[in-house]
Each structure stands twice: as structure tokens, then as C-alpha cells.
Amino acid sequence: MNRAVGEGVLGRTGLAVGRLGLGCAPLGNLYEPVSEQDAEGTVRAALTGGMRQFDTAPRYGNGVSEARLGRLLAGVPRSQFVVATKVGYHVTESSVEPDFSYDGTMRCLERSMARLGVDRVDIAHVHDPDDHEQEALTGAFRALVDLREQGVVSAVGAGMNQSEMLERIVARVDVDCVLLAGRYTLLDQGALAGLLPACEARGVGVILGGVYNSGLLADPHPGAKYDYRTVPPDRLATALAIQEICARHGVPMKAAALRFALAHPAVSTLVVGARTAEEVRENLAMAEAAVPCEFWTELRAAGLLPQEVPTP
């Protein structure tokens, strides 16, 4: 098994998620279509490389990601993978409707399990409740906690692109984990002072997504994506400055992004998207690449990293 994925337990849950998991938004044709052949190759490469954790959601292609993942994991012993999905949105082929109510959550997860072909879900996250905080607190989270007590769900979490609401959720709800996308990366350490210490203190596992910030930390260039939109000039300038230091030290930028994200003690695991087997294998290799201490020292000296952030 690849050492990059061979370890990693999710907080207090005991779930062996590995340090690197597969983000399955691309299987839902994010940005561009993914063929059935490439989807199959992606999942097979993840399994062959030792990945155990597969993160999906109804919103990823309006159910396409879940259905594909279910087909591709069929026949794999259930003990050999951890599946995470999300609630909060009802999807059809042509629509997405938010619903964070108790009953809506029950229906949402039931449909997800049918698409995935499973009778239980290892991790169920409340998905992007940004504009529905109160309803999520009284409805969706209560439903997931009940399902956890029934053994249908092993771990209850919340997945968001912001750390502030996640910090409030950790304080108010008995969650097992959080999935934070894009807010603890080489470009953005917004979760450093609040969310990460709160999770560490409570034994809440932290899953990081979006560690390439939608691809900017993989290939910075004008017109690149950052947080799913075209990158603004200031973020591009920072990414290019990091890239220059990477080049000076012979460090692949993807390796720097992955190694940085894994270095914080509160972080249990990363989920990284891929649309081909080659991308999976590259991510696995980048997670093991050597990054010299001098690289991190220069990033700090250049003001590109705060002095207090943990580094490998």
C-alpha cells in the first residue's frame, strides 16, 4: 500500500480513511464530461493505490457521481472502502432543490444509498447549508444523529467552503467530522485560528478538500479556476510567487499543496478529485514527494505563509 494513504483515522470515529481519498465530483462531469472508461479507470486506480475513502454527493452531476461510484464499487468487499455522501439537496436530472428538514434529509439519504447500492453510509455530511443554517441545525443534523444511533450512518459531518459556520456547527452539534474545502491551503489559511483548534480540542476529524483551490495550485495561469471561478489577480500573483519558489527548490507545486495540507495535527485526511487513472497516480506520488525544510522557510520569509502555520 502507498504510504501516503496507508494511515489516517478520522478523529474519534475509528474509521480508517487513509491520508488521501478520492474526491468524486469529477465523476459527476464537473467542468467537462468524463467517459465511463475514464471513470472506471479512476476508481480502479484509487483502489489499486490503496485509497479507501470515496467522497461523493447528490449535487455532483445531479446523482451521476453517486450512481457511477455505486456501479464501480459493486463487488468490492464493503469492509475495504469508506463512502461519504451528503444531504441537503434533492436532485433530478434537471433540478437541484435545497431541503434541510428532518424528513427531507431522511429521503435524501435514502435516495443516495439507492444510487450507491449500499445499506449504510460511513460518513454523511450536511452539504453547504450556508443560507439554511437554522433549518440544518434543527432538521438535517438531528436526522443524521438519529441515523447514526440506528447504525445507518457511522459518522455525522458537515461539508462547506467556509470555516466560520463550520466552527459554529462544531460548537453546537455532536458532529464527528467536518469537510472543509479550500479554506486551509497554501493560498488560504482561513481556518487556522478558529475551526482547526476547535476540532482538535473536541476530537472532531477534519477532512480537507479543495487543496488545489480548484486547480490554481496545480497550474497557476491567467484564467485558471480558483474556488470554482476565474482566479482574481491578487490570488494569481500569490500562486505564481509560490510556483517560483517551488521551481527554485525543485518541488512540484502539487506536492507542496498536499504536504502542507497534511501537516496540521487536526487534519485526518484529504480528498482530492481526479478524472483519470493517471491523475490518481500523480496525486499519490505527489503526496509522497520530498519537500525540503528550506522550501517552507523561504515561503515564510517571503510572507507567503504565516510564521505560525505547521509545516512538514
# chains A, B, ... in the order shown; residues from 1 in each chain; ligands from 1
call {"tool": "select_by_dssp", "arguments": {"residues": "range 11-257 of chain A", "states": "alpha helix (DSSP H)", "output": "PyMOL selection string"}}
result
chain A and resi 36-48+64-73+102-116+133-135+141-150+164-172+195-202+233-249+253-257
call {"tool": "residues_around", "arguments": {"residues": "Gly273 in chain A", "least_positions_apart": "3", "cutoff": "7 Å", "atoms": "only C-alpha atoms", "output": "number ranges by chain"}}
result
A: 22-26
call {"tool": "write_last_selection", "arguments": {"atoms": "C-alpha atoms", "output": "CSV table (one decimal), in the first residue's frame"}}
result
chain,number,residue,atom,x,y,z
A,22,LEU,CA,-10.8,10.2,-3.9
A,23,GLY,CA,-13.0,13.3,-4.4
A,24,CYS,CA,-15.7,12.1,-6.8
A,25,ALA,CA,-17.1,15.4,-8.1
A,26,PRO,CA,-15.3,14.8,-11.4
call {"tool": "residues_around", "arguments": {"residues": "Asn29 in chain A", "least_positions_apart": "5", "cutoff": "9 Å", "atoms": "only C-alpha atoms", "output": "compact mmCIF listing (two decimals) with C-alpha atoms, in the first residue's frame"}}
result
# COMPACT_ATOMS: atom_id res chain seq x y z
CA VAL A 34 -15.77 12.11 -18.01
CA SER A 35 -16.21 8.95 -20.06
CA TYR A 60 -22.22 16.12 -8.17
CA GLY A 61 -23.83 15.77 -11.57
CA VAL A 64 -24.42 10.89 -11.66
CA SER A 65 -21.38 10.72 -9.37
CA ARG A 275 -10.90 12.34 -13.64
call {"tool": "residues_around", "arguments": {"residues": "Pro129 in chain A", "least_positions_apart": "6", "cutoff": "9 Å", "atoms": "only C-alpha atoms", "output": "JSON, numbers by chain"}}
result
{"A": [88, 98, 100, 135, 136, 158, 159, 160, 165]}
call {"tool": "residues_around", "arguments": {"residues": "range 195-211 of chain A", "least_positions_apart": "6", "cutoff": "8 Å", "atoms": "only C-alpha atoms", "output": "number ranges by chain"}}
result
A: 10-13, 23, 163-164, 166-167, 170-171, 175-182, 184-186, 217, 227, 257-258, 261, 265-272
call {"tool": "select_by_dssp", "arguments": {"residues": "range 170-210 of chain A", "states": "strand (DSSP E or B)", "output": "NGL selection string"}}
result
:A and (177-181 or 205-209)
call {"tool": "residues_around", "arguments": {"residues": "Gly223 in chain A", "least_positions_apart": "5", "cutoff": "12 Å", "atoms": "only C-alpha atoms", "output": "list in words"}}
result
Ser214, Gly215, Leu216, Tyr228, Arg229, Thr230, Val231, Pro232, Pro233, Arg235 and Leu236 of chain A
call {"tool": "closest_residue", "arguments": {"among": "A:Gly41, A:Pro292, A:Gly21, A:Gly117", "to": "Val76 in chain A", "atoms": "only C-alpha atoms"}}
result
A:Gly117
call {"tool": "atom_distance", "arguments": {"atom1": "CA of Val280 in chain A", "atom2": "CA of Val309 in chain A"}}
result
27.6 Å
call {"tool": "closest_residue", "arguments": {"among": "A:Gln307, A:Leu240, A:Val118, A:Leu27", "to": "Gly75 in chain A", "atoms": "only C-alpha atoms"}}
result
A:Val118
call {"tool": "atom_distance", "arguments": {"atom1": "CA of Ala224 in chain A", "atom2": "CA of Gly63 in chain A"}}
result
26.7 Å
call {"tool": "residues_around", "arguments": {"residues": "Asp119 in chain A", "least_positions_apart": "6", "cutoff": "9 Å", "atoms": "only C-alpha atoms", "output": "list in words"}}
result
Glu110, Met113 and Val152 of chain A
call {"tool": "closest_residue", "arguments": {"among": "A:Arg19, A:Arg183, A:Lys254, A:Arg107", "to": "Ala289 in chain A", "atoms": "only C-alpha atoms"}}
result
A:Lys254
call {"tool": "decode", "arguments": {"residues": "range 255-271 of chain A", "atoms": "all heavy atoms", "output": "compact mmCIF listing (two decimals), in the first residue's frame"}}
result
# COMPACT_ATOMS: atom_id res chain seq x y z
N ALA A 255 2.81 18.75 -4.98
CA ALA A 255 3.39 18.12 -3.79
C ALA A 255 3.40 19.09 -2.62
O ALA A 255 3.06 18.72 -1.49
CB ALA A 255 4.81 17.65 -4.09
N ALA A 256 3.77 20.34 -2.87
CA ALA A 256 3.77 21.34 -1.80
C ALA A 256 2.37 21.52 -1.24
O ALA A 256 2.18 21.61 -0.02
CB ALA A 256 4.31 22.66 -2.34
N ALA A 257 1.37 21.57 -2.12
CA ALA A 257 -0.01 21.76 -1.67
C ALA A 257 -0.48 20.59 -0.81
O ALA A 257 -1.10 20.80 0.25
CB ALA A 257 -0.92 21.94 -2.88
N LEU A 258 -0.21 19.38 -1.24
CA LEU A 258 -0.65 18.21 -0.48
C LEU A 258 0.09 18.07 0.84
O LEU A 258 -0.52 17.83 1.89
CB LEU A 258 -0.47 16.94 -1.32
CG LEU A 258 -1.36 16.80 -2.55
CD1 LEU A 258 -0.95 15.57 -3.35
CD2 LEU A 258 -2.83 16.71 -2.17
N ARG A 259 1.40 18.23 0.80
CA ARG A 259 2.18 18.05 2.02
C ARG A 259 1.83 19.12 3.05
O ARG A 259 1.80 18.86 4.26
CB ARG A 259 3.68 18.07 1.69
CG ARG A 259 4.13 16.91 0.80
CD ARG A 259 3.90 15.55 1.47
NE ARG A 259 4.65 15.44 2.71
CZ ARG A 259 5.92 15.02 2.79
NH1 ARG A 259 6.56 14.68 1.70
NH2 ARG A 259 6.51 14.94 3.96
N PHE A 260 1.59 20.36 2.59
CA PHE A 260 1.19 21.41 3.52
C PHE A 260 -0.13 21.06 4.19
O PHE A 260 -0.28 21.16 5.42
CB PHE A 260 1.05 22.75 2.80
CG PHE A 260 0.47 23.83 3.68
CD1 PHE A 260 1.28 24.48 4.59
CD2 PHE A 260 -0.87 24.17 3.61
CE1 PHE A 260 0.74 25.46 5.44
CE2 PHE A 260 -1.41 25.14 4.45
CZ PHE A 260 -0.60 25.78 5.36
N ALA A 261 -1.12 20.66 3.41
CA ALA A 261 -2.44 20.38 3.96
C ALA A 261 -2.42 19.24 4.97
O ALA A 261 -3.18 19.24 5.95
CB ALA A 261 -3.41 20.06 2.82
N LEU A 262 -1.56 18.27 4.76
CA LEU A 262 -1.49 17.12 5.66
C LEU A 262 -0.72 17.41 6.95
O LEU A 262 -0.76 16.61 7.88
CB LEU A 262 -0.82 15.94 4.95
CG LEU A 262 -1.67 15.20 3.92
CD1 LEU A 262 -0.80 14.28 3.06
CD2 LEU A 262 -2.77 14.39 4.62
N ALA A 263 -0.02 18.54 7.00
CA ALA A 263 0.90 18.78 8.12
C ALA A 263 0.21 19.25 9.39
O ALA A 263 0.78 19.12 10.48
CB ALA A 263 1.95 19.81 7.71
N HIS A 264 -1.00 19.80 9.30
CA HIS A 264 -1.65 20.29 10.52
C HIS A 264 -2.14 19.11 11.36
O HIS A 264 -2.77 18.19 10.84
CB HIS A 264 -2.82 21.21 10.18
CG HIS A 264 -3.27 22.02 11.34
ND1 HIS A 264 -3.96 21.49 12.41
CD2 HIS A 264 -3.12 23.34 11.62
CE1 HIS A 264 -4.21 22.44 13.29
NE2 HIS A 264 -3.71 23.57 12.84
N PRO A 265 -1.88 19.11 12.67
CA PRO A 265 -2.25 17.95 13.50
C PRO A 265 -3.74 17.69 13.60
O PRO A 265 -4.15 16.57 13.94
CB PRO A 265 -1.66 18.30 14.88
CG PRO A 265 -1.44 19.78 14.86
CD PRO A 265 -1.14 20.13 13.45
N ALA A 266 -4.58 18.69 13.32
CA ALA A 266 -6.03 18.48 13.36
C ALA A 266 -6.55 17.76 12.13
O ALA A 266 -7.67 17.24 12.14
CB ALA A 266 -6.75 19.82 13.51
N VAL A 267 -5.77 17.73 11.08
CA VAL A 267 -6.23 17.18 9.79
C VAL A 267 -6.04 15.66 9.77
O VAL A 267 -4.94 15.15 9.94
CB VAL A 267 -5.47 17.83 8.62
CG1 VAL A 267 -5.82 17.15 7.30
CG2 VAL A 267 -5.78 19.33 8.56
N SER A 268 -7.15 14.96 9.56
CA SER A 268 -7.10 13.50 9.49
C SER A 268 -6.77 13.02 8.09
O SER A 268 -6.02 12.05 7.91
CB SER A 268 -8.45 12.90 9.90
OG SER A 268 -8.80 13.24 11.22
N THR A 269 -7.34 13.68 7.07
CA THR A 269 -7.27 13.14 5.72
C THR A 269 -7.60 14.22 4.70
O THR A 269 -8.21 15.23 5.03
CB THR A 269 -8.25 11.95 5.58
OG1 THR A 269 -8.16 11.38 4.28
CG2 THR A 269 -9.68 12.37 5.85
N LEU A 270 -7.20 13.97 3.45
CA LEU A 270 -7.56 14.83 2.33
C LEU A 270 -8.41 14.04 1.34
O LEU A 270 -8.24 12.83 1.20
CB LEU A 270 -6.31 15.31 1.58
CG LEU A 270 -5.12 15.87 2.35
CD1 LEU A 270 -4.04 16.33 1.36
CD2 LEU A 270 -5.53 17.00 3.26
N VAL A 271 -9.31 14.74 0.65
CA VAL A 271 -9.95 14.15 -0.53
C VAL A 271 -9.56 15.01 -1.72
O VAL A 271 -9.70 16.23 -1.70
CB VAL A 271 -11.48 14.03 -0.39
CG1 VAL A 271 -11.84 12.99 0.65
CG2 VAL A 271 -12.13 15.36 -0.04
